[in-house]
Amino acid sequence: MRIDLPRPDTVGGPSFTETLARRRSVREFADEPLTPDQLSQLLWAAQGVSSDSGKRTAPSAGATYPLELYVVTGGGRYRYEPTDHGLEQLADGDLRAELSRAAHEQPSVAEAAATFAIIAVSARTEQKYGDRAVSFVKLDAGHAAQNLLLQAVALGLGGVPIGSFSESQVAEVLDLPPGHEPLYMVTIGRPNDA
Ligand SMILES: Cc1cc2nc3c(=O)[nH]c(=O)nc-3n(C[C@H](O)[C@H](O)[C@H](O)COP(=O)(O)O)c2cc1C
């Protein structure tokens with residue numbers, strides 16, 4: 001099922017310097033879902049299209065765009081479609097506890113409103129760069145993750161990057177097709193003390 005997202009804000013928010021200064025990993029979250037506006041903004045920040053030529057908010061080696069972005073919320077599992085800024089719902093139900101188990105039982109993953117999983121389809125970048133793609137794809141993922149973390153702060157939310165997980169278990173929870181590898185995750189919600 002396809003879900004339309006509200007249009008992202010491309011002009012507002014607190015100053016960039018203030019956003020940078022406020023970023024800190026947050027691991028305890030209020031029991032509160034993201035609003036559609038927040039979800040839309042976060043997805044756009046990570047991989048949204050921001051130019052007429054199709055280029056995105058995060059840089060990408062040779063504009064090869066090897067990343068897929070999945071999100072797990074209390075409502076289901078989704079895949080972001082940057083070209084039309086939509087979400088494809090892949091499953092319903094709350095998979096956060098299962099994803100937390102795949103991330104060595106990290107409570108933040110079970111408790112946060114959403115975890116964004118950054119998935120590599122390295123073949124897209126290998127076609128252009130051969131062996132260099134191994135590092136290029138990871139650098140792409142770092143850019144997307146940092147965009148997510150800073151956008152979270154700018155929305156009054158908090159997040160933590162999650163690198164400690166079993167790749168095979170995350171791939172299973174997300175039901176990834178062959179050639180799609182989990183690289184990095186970012187867990188986001190309303191900080192418990194906000
Ligand atoms: C590659 C990478 C992987 C990380 N993995 C985890 C993780 O699995 N769980 C976690 O709670 N924090 C994780 N972190 C967050 C770091 O612990 C955190 O960034 C660091 O302690 C510095 O604190 P700060 O983010 O508040 O500045 C990771 C950070 C990076 C860059």
# chains A, B, ... in the order shown; residues from 1 in each chain; ligands from 1

call {"tool": "residues_around", "arguments": {"residues": "region 142-153 of chain A", "least_positions_apart": "4", "cutoff": "7 Å", "atoms": "only C-alpha atoms", "output": "PyMOL selection string"}}
result
chain A and resi 19-20+22-23+42+45-47+58-59+138+157-159+186

call {"tool": "write_last_selection", "arguments": {"atoms": "N, CA and C atoms", "output": "short mmCIF file (atom, residue, chain, number, x, y, z; two decimals), in the first residue's frame"}}
result
data_model
loop_
_atom_site.label_atom_id
_atom_site.label_comp_id
_atom_site.auth_asym_id
_atom_site.auth_seq_id
_atom_site.Cartn_x
_atom_site.Cartn_y
_atom_site.Cartn_z
N THR A 19 21.38 23.93 15.88
CA THR A 19 21.05 22.51 15.71
C THR A 19 22.27 21.64 15.95
N LEU A 20 23.39 22.04 15.37
CA LEU A 20 24.64 21.28 15.58
C LEU A 20 25.03 21.25 17.05
N ARG A 22 23.17 21.48 19.61
CA ARG A 22 22.24 20.73 20.46
C ARG A 22 22.27 19.22 20.22
N ARG A 23 22.90 18.78 19.14
CA ARG A 23 22.84 17.34 18.84
C ARG A 23 23.60 16.54 19.90
N LEU A 42 11.73 13.94 8.25
CA LEU A 42 12.90 13.09 8.52
C LEU A 42 13.30 12.29 7.27
N ALA A 45 14.86 14.63 4.81
CA ALA A 45 16.21 15.02 5.23
C ALA A 45 17.22 13.92 4.89
N ALA A 46 16.82 12.68 5.03
CA ALA A 46 17.75 11.57 4.82
C ALA A 46 18.03 11.32 3.35
N GLN A 47 16.99 11.33 2.51
CA GLN A 47 17.15 10.90 1.11
C GLN A 47 16.21 11.62 0.15
N ALA A 58 21.12 14.44 0.71
CA ALA A 58 22.43 13.92 1.11
C ALA A 58 23.27 13.69 -0.14
N PRO A 59 24.58 14.01 -0.06
CA PRO A 59 25.44 13.73 -1.22
C PRO A 59 25.59 12.23 -1.45
N LYS A 138 29.38 3.28 2.23
CA LYS A 138 29.34 3.56 3.67
C LYS A 138 29.38 5.07 3.94
N LEU A 157 13.10 16.70 18.33
CA LEU A 157 13.17 15.27 18.62
C LEU A 157 14.62 14.91 18.97
N GLY A 158 14.86 13.64 19.24
CA GLY A 158 16.22 13.19 19.51
C GLY A 158 16.43 11.85 18.86
N GLY A 159 17.70 11.48 18.72
CA GLY A 159 17.98 10.19 18.10
C GLY A 159 19.35 9.69 18.43
N VAL A 186 19.12 4.52 12.48
CA VAL A 186 18.98 5.72 13.33
C VAL A 186 17.62 5.64 14.00
#

call {"tool": "residues_near_ligand", "arguments": {"ligand": "ligand 1", "cutoff": "6 Å", "atoms": "only C-alpha atoms and all ligand atoms", "output": "list in words"}}
result
Arg24, Ser25, Val160, Pro161, Ile162, Gly163 and Ser164 of chain A

call {"tool": "write_last_selection", "arguments": {"atoms": "N, CA, C and O atoms", "output": "short mmCIF file (atom, residue, chain, number, x, y, z; two decimals), in the first residue's frame"}}
result
data_model
loop_
_atom_site.label_atom_id
_atom_site.label_comp_id
_atom_site.auth_asym_id
_atom_site.auth_seq_id
_atom_site.Cartn_x
_atom_site.Cartn_y
_atom_site.Cartn_z
N ARG A 24 22.95 15.57 20.45
CA ARG A 24 23.54 14.64 21.43
C ARG A 24 22.78 13.34 21.28
O ARG A 24 21.57 13.37 21.03
N SER A 25 23.43 12.20 21.41
CA SER A 25 22.70 10.94 21.30
C SER A 25 21.67 10.82 22.42
O SER A 25 21.98 11.05 23.59
N VAL A 160 19.57 8.45 18.05
CA VAL A 160 20.88 7.83 18.26
C VAL A 160 21.20 6.96 17.05
O VAL A 160 20.33 6.25 16.54
N PRO A 161 22.46 7.04 16.59
CA PRO A 161 22.85 6.12 15.52
C PRO A 161 23.05 4.73 16.11
O PRO A 161 23.56 4.58 17.22
N ILE A 162 22.63 3.73 15.35
CA ILE A 162 22.75 2.34 15.81
C ILE A 162 23.60 1.57 14.80
O ILE A 162 23.17 1.34 13.67
N GLY A 163 24.81 1.22 15.24
CA GLY A 163 25.69 0.42 14.38
C GLY A 163 25.85 -0.99 14.89
O GLY A 163 26.34 -1.86 14.18
N SER A 164 25.41 -1.19 16.13
CA SER A 164 25.58 -2.50 16.76
C SER A 164 24.33 -3.35 16.54
O SER A 164 23.32 -3.17 17.23
#

call {"tool": "select_by_dssp", "arguments": {"residues": "region 36-191 of chain A", "states": "strand (DSSP E or B)", "output": "ChimeraX atom specification"}}
result
/A:49,56,67-73,76-81,86-92,114-120,158-162,181-189,191

call {"tool": "residues_around", "arguments": {"residues": "Arg7 (chain A)", "least_positions_apart": "6", "cutoff": "10 Å", "atoms": "only C-alpha atoms", "output": "PyMOL selection string"}}
result
chain A and resi 36-37+40-41+44+85-86

call {"tool": "closest_atom_pairs", "arguments": {"of": "region 24-62 of chain A", "to": "region 121-127 of chain A", "cutoff": "10 Å", "atoms": "only C-alpha atoms", "output": "tab-separated table"}}
result
residue	atom	partner	partner_atom	distance
A:Ser60	CA	A:Thr125	CA	9.3
A:Ala61	CA	A:Thr125	CA	7.5
A:Gly62	CA	A:Thr125	CA	7.9

call {"tool": "residues_around", "arguments": {"residues": "Leu67 (chain A)", "least_positions_apart": "2", "cutoff": "8 Å", "atoms": "only C-alpha atoms", "output": "VMD selection string"}}
result
chain A and resid 65 69 118 to 121 137 140 to 141

call {"tool": "residues_around", "arguments": {"residues": "Ala171 (chain A)", "least_positions_apart": "2", "cutoff": "10 Å", "atoms": "only C-alpha atoms", "output": "ChimeraX atom specification"}}
result
/A:99,102,117,119,166-169,173-178,180-182

call {"tool": "write_last_selection", "arguments": {"atoms": "all heavy atoms", "output": "tab-separated table (two decimals), in the first residue's frame"}}
result
chain	number	residue	atom	x	y	z
A	99	LEU	N	13.02	-5.71	16.05
A	99	LEU	CA	14.20	-5.00	15.54
A	99	LEU	C	15.21	-4.77	16.67
A	99	LEU	O	16.42	-4.86	16.47
A	99	LEU	CB	13.78	-3.67	14.91
A	99	LEU	CG	14.81	-2.96	14.06
A	99	LEU	CD1	15.27	-3.83	12.87
A	99	LEU	CD2	14.27	-1.62	13.55
A	102	ALA	N	17.23	-7.75	17.16
A	102	ALA	CA	18.25	-7.84	16.11
A	102	ALA	C	19.40	-6.88	16.38
A	102	ALA	O	20.48	-7.02	15.80
A	102	ALA	CB	17.63	-7.56	14.75
A	117	ALA	N	16.21	2.50	8.93
A	117	ALA	CA	17.27	1.56	8.57
A	117	ALA	C	17.82	1.96	7.20
A	117	ALA	O	17.06	2.08	6.22
A	117	ALA	CB	16.72	0.14	8.54
A	119	ILE	N	19.88	1.06	4.12
A	119	ILE	CA	20.17	-0.21	3.45
A	119	ILE	C	21.00	0.06	2.20
A	119	ILE	O	20.67	0.97	1.43
A	119	ILE	CB	18.85	-0.90	3.03
A	119	ILE	CG1	17.88	-1.03	4.23
A	119	ILE	CG2	19.10	-2.24	2.35
A	119	ILE	CD1	18.42	-1.76	5.42
A	166	SER	N	22.96	-7.30	14.36
A	166	SER	CA	23.24	-8.44	13.49
A	166	SER	C	22.67	-8.12	12.11
A	166	SER	O	21.45	-7.95	11.96
A	166	SER	CB	22.58	-9.70	14.06
A	166	SER	OG	22.31	-10.62	13.01
A	167	GLU	N	23.56	-8.08	11.12
A	167	GLU	CA	23.09	-7.74	9.76
A	167	GLU	C	22.05	-8.74	9.27
A	167	GLU	O	21.04	-8.36	8.68
A	167	GLU	CB	24.27	-7.75	8.79
A	167	GLU	CG	25.13	-6.51	8.90
A	167	GLU	CD	26.35	-6.58	7.99
A	167	GLU	OE1	26.26	-7.21	6.92
A	167	GLU	OE2	27.38	-6.01	8.38
A	168	SER	N	22.30	-10.02	9.56
A	168	SER	CA	21.37	-11.03	9.03
A	168	SER	C	20.01	-10.92	9.73
A	168	SER	O	18.96	-11.06	9.10
A	168	SER	CB	21.95	-12.43	9.18
A	168	SER	OG	22.20	-12.70	10.54
A	169	GLN	N	20.04	-10.63	11.04
A	169	GLN	CA	18.75	-10.52	11.75
A	169	GLN	C	17.97	-9.27	11.33
A	169	GLN	O	16.75	-9.31	11.20
A	169	GLN	CB	18.98	-10.53	13.26
A	169	GLN	CG	19.34	-11.91	13.79
A	169	GLN	CD	19.62	-11.89	15.28
A	169	GLN	OE1	18.97	-11.18	16.05
A	169	GLN	NE2	20.58	-12.66	15.70
A	173	VAL	N	14.20	-9.15	9.74
A	173	VAL	CA	13.07	-8.36	10.26
A	173	VAL	C	12.51	-7.46	9.14
A	173	VAL	O	11.30	-7.28	9.02
A	173	VAL	CB	13.50	-7.49	11.47
A	173	VAL	CG1	12.35	-6.60	11.93
A	173	VAL	CG2	13.97	-8.37	12.63
A	174	LEU	N	13.42	-6.92	8.32
A	174	LEU	CA	12.98	-6.01	7.27
A	174	LEU	C	12.56	-6.76	6.01
A	174	LEU	O	12.03	-6.15	5.08
A	174	LEU	CB	14.09	-5.01	6.93
A	174	LEU	CG	14.52	-4.08	8.06
A	174	LEU	CD1	15.66	-3.17	7.60
A	174	LEU	CD2	13.35	-3.23	8.56
A	175	ASP	N	12.81	-8.08	5.98
A	175	ASP	CA	12.48	-8.91	4.82
A	175	ASP	C	13.12	-8.34	3.54
A	175	ASP	O	12.44	-8.12	2.53
A	175	ASP	CB	10.95	-9.01	4.67
A	175	ASP	CG	10.55	-10.15	3.75
A	175	ASP	OD1	11.37	-11.07	3.55
A	175	ASP	OD2	9.43	-10.10	3.20
A	176	LEU	N	14.43	-8.10	3.64
A	176	LEU	CA	15.13	-7.47	2.52
A	176	LEU	C	15.36	-8.45	1.37
A	176	LEU	O	15.68	-9.62	1.61
A	176	LEU	CB	16.49	-6.95	2.99
A	176	LEU	CG	16.46	-5.85	4.05
A	176	LEU	CD1	17.89	-5.45	4.43
A	176	LEU	CD2	15.67	-4.64	3.57
A	177	PRO	N	15.28	-7.96	0.14
A	177	PRO	CA	15.60	-8.82	-1.01
A	177	PRO	C	17.10	-9.05	-1.11
A	177	PRO	O	17.89	-8.31	-0.51
A	177	PRO	CB	15.08	-8.02	-2.21
A	177	PRO	CG	14.91	-6.63	-1.76
A	177	PRO	CD	14.81	-6.62	-0.26
A	178	PRO	N	17.55	-10.05	-1.90
A	178	PRO	CA	18.99	-10.28	-2.07
A	178	PRO	C	19.68	-9.02	-2.61
A	178	PRO	O	19.08	-8.27	-3.39
A	178	PRO	CB	19.05	-11.40	-3.12
A	178	PRO	CG	17.69	-12.01	-3.13
A	178	PRO	CD	16.72	-10.98	-2.67
A	180	HIS	N	20.46	-6.45	-0.89
A	180	HIS	CA	20.14	-5.30	-0.04
A	180	HIS	C	20.71	-5.59	1.36
A	180	HIS	O	20.28	-6.54	2.02
A	180	HIS	CB	18.63	-5.09	0.07
A	180	HIS	CG	18.00	-4.56	-1.17
A	180	HIS	ND1	18.20	-5.11	-2.41
A	180	HIS	CD2	17.16	-3.51	-1.36
A	180	HIS	CE1	17.51	-4.43	-3.32
A	180	HIS	NE2	16.88	-3.44	-2.71
A	181	GLU	N	21.66	-4.78	1.81
A	181	GLU	CA	22.36	-5.05	3.07
A	181	GLU	C	22.18	-3.92	4.07
A	181	GLU	O	22.46	-2.75	3.73
A	181	GLU	CB	23.86	-5.19	2.81
A	181	GLU	CG	24.23	-6.38	1.95
A	181	GLU	CD	25.62	-6.23	1.36
A	181	GLU	OE1	26.24	-5.17	1.54
A	181	GLU	OE2	26.07	-7.19	0.72
A	182	PRO	N	21.79	-4.24	5.30
A	182	PRO	CA	21.67	-3.21	6.33
A	182	PRO	C	23.05	-2.68	6.71
A	182	PRO	O	23.95	-3.46	6.98
A	182	PRO	CB	21.06	-3.95	7.54
A	182	PRO	CG	20.70	-5.29	7.06
A	182	PRO	CD	21.45	-5.57	5.81

call {"tool": "atom_distance", "arguments": {"atom1": "CA of Ala114 (chain A)", "atom2": "CA of Thr57 (chain A)"}}
result
20.2 Å

call {"tool": "residues_around", "arguments": {"residues": "Met1 (chain A)", "least_positions_apart": "3", "cutoff": "8 Å", "atoms": "only C-alpha atoms", "output": "PyMOL selection string"}}
result
chain A and resi 88-90

call {"tool": "select_by_dssp", "arguments": {"residues": "chain A", "states": "alpha helix (DSSP H)", "output": "JSON, numbers by chain"}}
result
{"A": [16, 17, 18, 19, 20, 21, 22, 36, 37, 38, 39, 40, 41, 42, 43, 44, 45, 46, 47, 96, 97, 98, 99, 100, 101, 102, 107, 108, 109, 110, 111, 123, 124, 125, 126, 127, 128, 129, 133, 134, 135, 136, 137, 138, 139, 140, 141, 142, 143, 144, 145, 146, 147, 148, 149, 150, 151, 152, 153, 154, 167, 168, 169, 170, 171, 172, 173, 174]}

call {"tool": "closest_residue", "arguments": {"among": "A:Ala113, A:Pro6, A:Gly13, A:Val72", "to": "Gly156 (chain A)", "atoms": "only C-alpha atoms"}}
result
A:Gly13

call {"tool": "atom_distance", "arguments": {"atom1": "CA of Val170 (chain A)", "atom2": "CA of Gly76 (chain A)"}}
result
14.8 Å

call {"tool": "closest_residue", "arguments": {"among": "A:Glu111, A:Asp131, A:Asp193, A:Asp92", "to": "Asp31 (chain A)", "atoms": "only C-alpha atoms"}}
result
A:Glu111

call {"tool": "closest_residue", "arguments": {"among": "A:Thr83, A:Thr17, A:Thr35, A:Thr115", "to": "Arg56 (chain A)", "atoms": "only C-alpha atoms"}}
result
A:Thr83

call {"tool": "closest_residue", "arguments": {"among": "A:Phe136, A:Tyr129, A:Tyr78, A:Phe16", "to": "Leu43 (chain A)", "atoms": "only C-alpha atoms"}}
result
A:Tyr78

call {"tool": "atom_distance", "arguments": {"atom1": "CA of Tyr70 (chain A)", "atom2": "CA of His104 (chain A)"}}
result
19.1 Å

call {"tool": "closest_residue", "arguments": {"among": "A:Leu87, A:Ala103, A:Val26, A:Leu183", "to": "Leu139 (chain A)", "atoms": "only C-alpha atoms"}}
result
A:Leu183

call {"tool": "residues_around", "arguments": {"residues": "Gly12 (chain A)", "least_positions_apart": "2", "cutoff": "12 Å", "atoms": "only C-alpha atoms", "output": "list in words"}}
result
Pro8, Asp9, Thr10, Pro14, Ser15, Phe16, Gln41, Gln151, Ala154 and Leu155 of chain A

call {"tool": "write_last_selection", "arguments": {"atoms": "C-alpha atoms", "output": "CSV table (one decimal), in the first residue's frame"}}
result
chain,number,residue,atom,x,y,z
A,8,PRO,CA,8.5,18.7,3.6
A,9,ASP,CA,9.5,22.1,4.9
A,10,THR,CA,12.4,23.4,2.9
A,14,PRO,CA,16.1,26.7,14.0
A,15,SER,CA,19.6,27.9,13.0
A,16,PHE,CA,22.0,25.3,11.7
A,41,GLN,CA,10.5,15.8,7.2
A,151,GLN,CA,16.8,17.0,11.3
A,154,ALA,CA,15.7,20.7,14.5
A,155,LEU,CA,12.2,19.2,15.0

call {"tool": "decode", "arguments": {"residues": "region 72-105 of chain A", "atoms": "N, CA, C and O atoms", "output": "PDB file, in the first residue's frame"}}
result
ATOM      1  N   VAL A  72      10.764   1.562  10.574  1.00  0.00           N
ATOM      2  CA  VAL A  72       9.924   0.697  11.419  1.00  0.00           C
ATOM      3  C   VAL A  72       9.333   1.569  12.514  1.00  0.00           C
ATOM      4  O   VAL A  72      10.065   2.232  13.262  1.00  0.00           O
ATOM      5  N   THR A  73       8.001   1.585  12.592  1.00  0.00           N
ATOM      6  CA  THR A  73       7.309   2.366  13.623  1.00  0.00           C
ATOM      7  C   THR A  73       6.368   1.419  14.382  1.00  0.00           C
ATOM      8  O   THR A  73       6.288   0.229  14.062  1.00  0.00           O
ATOM      9  N   GLY A  74       5.626   1.988  15.320  1.00  0.00           N
ATOM     10  CA  GLY A  74       4.625   1.185  16.018  1.00  0.00           C
ATOM     11  C   GLY A  74       3.531   0.696  15.077  1.00  0.00           C
ATOM     12  O   GLY A  74       2.787  -0.230  15.399  1.00  0.00           O
ATOM     13  N   GLY A  75       3.436   1.303  13.903  1.00  0.00           N
ATOM     14  CA  GLY A  75       2.346   0.961  12.974  1.00  0.00           C
ATOM     15  C   GLY A  75       2.732   0.012  11.872  1.00  0.00           C
ATOM     16  O   GLY A  75       1.867  -0.527  11.175  1.00  0.00           O
ATOM     17  N   GLY A  76       4.030  -0.198  11.655  1.00  0.00           N
ATOM     18  CA  GLY A  76       4.405  -1.103  10.578  1.00  0.00           C
ATOM     19  C   GLY A  76       5.813  -0.895  10.073  1.00  0.00           C
ATOM     20  O   GLY A  76       6.636  -0.232  10.692  1.00  0.00           O
ATOM     21  N   ARG A  77       6.034  -1.506   8.930  1.00  0.00           N
ATOM     22  CA  ARG A  77       7.343  -1.444   8.268  1.00  0.00           C
ATOM     23  C   ARG A  77       7.119  -0.834   6.884  1.00  0.00           C
ATOM     24  O   ARG A  77       6.195  -1.250   6.169  1.00  0.00           O
ATOM     25  N   TYR A  78       7.968   0.143   6.543  1.00  0.00           N
ATOM     26  CA  TYR A  78       7.755   0.932   5.340  1.00  0.00           C
ATOM     27  C   TYR A  78       9.060   1.115   4.586  1.00  0.00           C
ATOM     28  O   TYR A  78      10.134   1.068   5.178  1.00  0.00           O
ATOM     29  N   ARG A  79       8.950   1.412   3.291  1.00  0.00           N
ATOM     30  CA  ARG A  79      10.113   1.779   2.477  1.00  0.00           C
ATOM     31  C   ARG A  79       9.842   3.141   1.847  1.00  0.00           C
ATOM     32  O   ARG A  79       8.751   3.382   1.322  1.00  0.00           O
ATOM     33  N   TYR A  80      10.829   4.001   1.935  1.00  0.00           N
ATOM     34  CA  TYR A  80      10.690   5.361   1.394  1.00  0.00           C
ATOM     35  C   TYR A  80      10.927   5.365  -0.109  1.00  0.00           C
ATOM     36  O   TYR A  80      11.857   4.712  -0.598  1.00  0.00           O
ATOM     37  N   GLU A  81      10.099   6.138  -0.819  1.00  0.00           N
ATOM     38  CA  GLU A  81      10.279   6.300  -2.262  1.00  0.00           C
ATOM     39  C   GLU A  81      10.612   7.763  -2.525  1.00  0.00           C
ATOM     40  O   GLU A  81       9.717   8.616  -2.592  1.00  0.00           O
ATOM     41  N   PRO A  82      11.916   8.070  -2.643  1.00  0.00           N
ATOM     42  CA  PRO A  82      12.326   9.474  -2.753  1.00  0.00           C
ATOM     43  C   PRO A  82      11.727  10.191  -3.965  1.00  0.00           C
ATOM     44  O   PRO A  82      11.366  11.368  -3.868  1.00  0.00           O
ATOM     45  N   THR A  83      11.620   9.495  -5.099  1.00  0.00           N
ATOM     46  CA  THR A  83      11.235  10.207  -6.323  1.00  0.00           C
ATOM     47  C   THR A  83       9.850  10.832  -6.230  1.00  0.00           C
ATOM     48  O   THR A  83       9.622  11.901  -6.774  1.00  0.00           O
ATOM     49  N   ASP A  84       8.938  10.206  -5.523  1.00  0.00           N
ATOM     50  CA  ASP A  84       7.630  10.853  -5.371  1.00  0.00           C
ATOM     51  C   ASP A  84       7.313  11.137  -3.888  1.00  0.00           C
ATOM     52  O   ASP A  84       6.161  11.399  -3.553  1.00  0.00           O
ATOM     53  N   HIS A  85       8.326  11.121  -3.052  1.00  0.00           N
ATOM     54  CA  HIS A  85       8.180  11.414  -1.626  1.00  0.00           C
ATOM     55  C   HIS A  85       6.962  10.678  -1.036  1.00  0.00           C
ATOM     56  O   HIS A  85       6.061  11.255  -0.447  1.00  0.00           O
ATOM     57  N   GLY A  86       6.987   9.369  -1.207  1.00  0.00           N
ATOM     58  CA  GLY A  86       5.906   8.537  -0.667  1.00  0.00           C
ATOM     59  C   GLY A  86       6.486   7.389   0.151  1.00  0.00           C
ATOM     60  O   GLY A  86       7.695   7.147   0.156  1.00  0.00           O
ATOM     61  N   LEU A  87       5.597   6.724   0.851  1.00  0.00           N
ATOM     62  CA  LEU A  87       5.992   5.553   1.630  1.00  0.00           C
ATOM     63  C   LEU A  87       5.235   4.356   1.097  1.00  0.00           C
ATOM     64  O   LEU A  87       4.036   4.444   0.826  1.00  0.00           O
ATOM     65  N   GLU A  88       5.965   3.257   0.975  1.00  0.00           N
ATOM     66  CA  GLU A  88       5.287   2.008   0.651  1.00  0.00           C
ATOM     67  C   GLU A  88       5.184   1.200   1.945  1.00  0.00           C
ATOM     68  O   GLU A  88       6.205   0.928   2.589  1.00  0.00           O
ATOM     69  N   GLN A  89       3.957   0.883   2.335  1.00  0.00           N
ATOM     70  CA  GLN A  89       3.802   0.063   3.540  1.00  0.00           C
ATOM     71  C   GLN A  89       4.023  -1.399   3.163  1.00  0.00           C
ATOM     72  O   GLN A  89       3.352  -1.942   2.282  1.00  0.00           O
ATOM     73  N   LEU A  90       4.993  -2.021   3.847  1.00  0.00           N
ATOM     74  CA  LEU A  90       5.361  -3.402   3.525  1.00  0.00           C
ATOM     75  C   LEU A  90       4.738  -4.392   4.497  1.00  0.00           C
ATOM     76  O   LEU A  90       4.574  -5.563   4.173  1.00  0.00           O
ATOM     77  N   ALA A  91       4.463  -3.923   5.713  1.00  0.00           N
ATOM     78  CA  ALA A  91       3.844  -4.794   6.724  1.00  0.00           C
ATOM     79  C   ALA A  91       3.191  -3.900   7.758  1.00  0.00           C
ATOM     80  O   ALA A  91       3.609  -2.752   7.947  1.00  0.00           O
ATOM     81  N   ASP A  92       2.134  -4.419   8.398  1.00  0.00           N
ATOM     82  CA  ASP A  92       1.608  -3.648   9.525  1.00  0.00           C
ATOM     83  C   ASP A  92       1.966  -4.367  10.827  1.00  0.00           C
ATOM     84  O   ASP A  92       2.585  -5.429  10.812  1.00  0.00           O
ATOM     85  N   GLY A  93       1.627  -3.759  11.948  1.00  0.00           N
ATOM     86  CA  GLY A  93       2.020  -4.334  13.232  1.00  0.00           C
ATOM     87  C   GLY A  93       3.330  -3.715  13.708  1.00  0.00           C
ATOM     88  O   GLY A  93       4.080  -3.113  12.933  1.00  0.00           O
ATOM     89  N   ASP A  94       3.560  -3.879  15.002  1.00  0.00           N
ATOM     90  CA  ASP A  94       4.705  -3.233  15.657  1.00  0.00           C
ATOM     91  C   ASP A  94       5.908  -4.181  15.679  1.00  0.00           C
ATOM     92  O   ASP A  94       5.907  -5.162  16.425  1.00  0.00           O
ATOM     93  N   LEU A  95       6.907  -3.884  14.859  1.00  0.00           N
ATOM     94  CA  LEU A  95       8.097  -4.743  14.766  1.00  0.00           C
ATOM     95  C   LEU A  95       9.274  -4.181  15.560  1.00  0.00           C
ATOM     96  O   LEU A  95      10.410  -4.657  15.425  1.00  0.00           O
ATOM     97  N   ARG A  96       9.004  -3.155  16.398  1.00  0.00           N
ATOM     98  CA  ARG A  96      10.132  -2.491  17.074  1.00  0.00           C
ATOM     99  C   ARG A  96      10.849  -3.429  18.045  1.00  0.00           C
ATOM    100  O   ARG A  96      12.078  -3.402  18.145  1.00  0.00           O
ATOM    101  N   ALA A  97      10.106  -4.271  18.766  1.00  0.00           N
ATOM    102  CA  ALA A  97      10.753  -5.181  19.718  1.00  0.00           C
ATOM    103  C   ALA A  97      11.616  -6.201  18.969  1.00  0.00           C
ATOM    104  O   ALA A  97      12.721  -6.543  19.403  1.00  0.00           O
ATOM    105  N   GLU A  98      11.106  -6.653  17.821  1.00  0.00           N
ATOM    106  CA  GLU A  98      11.865  -7.614  17.014  1.00  0.00           C
ATOM    107  C   GLU A  98      13.159  -6.977  16.471  1.00  0.00           C
ATOM    108  O   GLU A  98      14.222  -7.587  16.463  1.00  0.00           O
ATOM    109  N   LEU A  99      13.023  -5.713  16.045  1.00  0.00           N
ATOM    110  CA  LEU A  99      14.205  -5.003  15.544  1.00  0.00           C
ATOM    111  C   LEU A  99      15.206  -4.770  16.670  1.00  0.00           C
ATOM    112  O   LEU A  99      16.415  -4.858  16.465  1.00  0.00           O
ATOM    113  N   SER A 100      14.683  -4.482  17.866  1.00  0.00           N
ATOM    114  CA  SER A 100      15.563  -4.303  19.025  1.00  0.00           C
ATOM    115  C   SER A 100      16.333  -5.589  19.304  1.00  0.00           C
ATOM    116  O   SER A 100      17.538  -5.554  19.598  1.00  0.00           O
ATOM    117  N   ARG A 101      15.669  -6.741  19.191  1.00  0.00           N
ATOM    118  CA  ARG A 101      16.369  -8.019  19.415  1.00  0.00           C
ATOM    119  C   ARG A 101      17.489  -8.193  18.387  1.00  0.00           C
ATOM    120  O   ARG A 101      18.574  -8.685  18.703  1.00  0.00           O
ATOM    121  N   ALA A 102      17.226  -7.747  17.155  1.00  0.00           N
ATOM    122  CA  ALA A 102      18.252  -7.844  16.109  1.00  0.00           C
ATOM    123  C   ALA A 102      19.404  -6.878  16.381  1.00  0.00           C
ATOM    124  O   ALA A 102      20.484  -7.024  15.803  1.00  0.00           O
ATOM    125  N   ALA A 103      19.153  -5.882  17.229  1.00  0.00           N
ATOM    126  CA  ALA A 103      20.177  -4.895  17.586  1.00  0.00           C
ATOM    127  C   ALA A 103      20.676  -5.173  19.006  1.00  0.00           C
ATOM    128  O   ALA A 103      20.831  -4.242  19.804  1.00  0.00           O
ATOM    129  N   HIS A 104      20.903  -6.439  19.279  1.00  0.00           N
ATOM    130  CA  HIS A 104      21.455  -6.869  20.575  1.00  0.00           C
ATOM    131  C   HIS A 104      20.647  -6.321  21.748  1.00  0.00           C
ATOM    132  O   HIS A 104      21.208  -5.853  22.734  1.00  0.00           O
ATOM    133  N   GLU A 105      19.339  -6.335  21.588  1.00  0.00           N
ATOM    134  CA  GLU A 105      18.390  -5.976  22.662  1.00  0.00           C
ATOM    135  C   GLU A 105      18.501  -4.513  23.103  1.00  0.00           C
ATOM    136  O   GLU A 105      18.171  -4.186  24.246  1.00  0.00           O
TER     137      GLU A 105
END
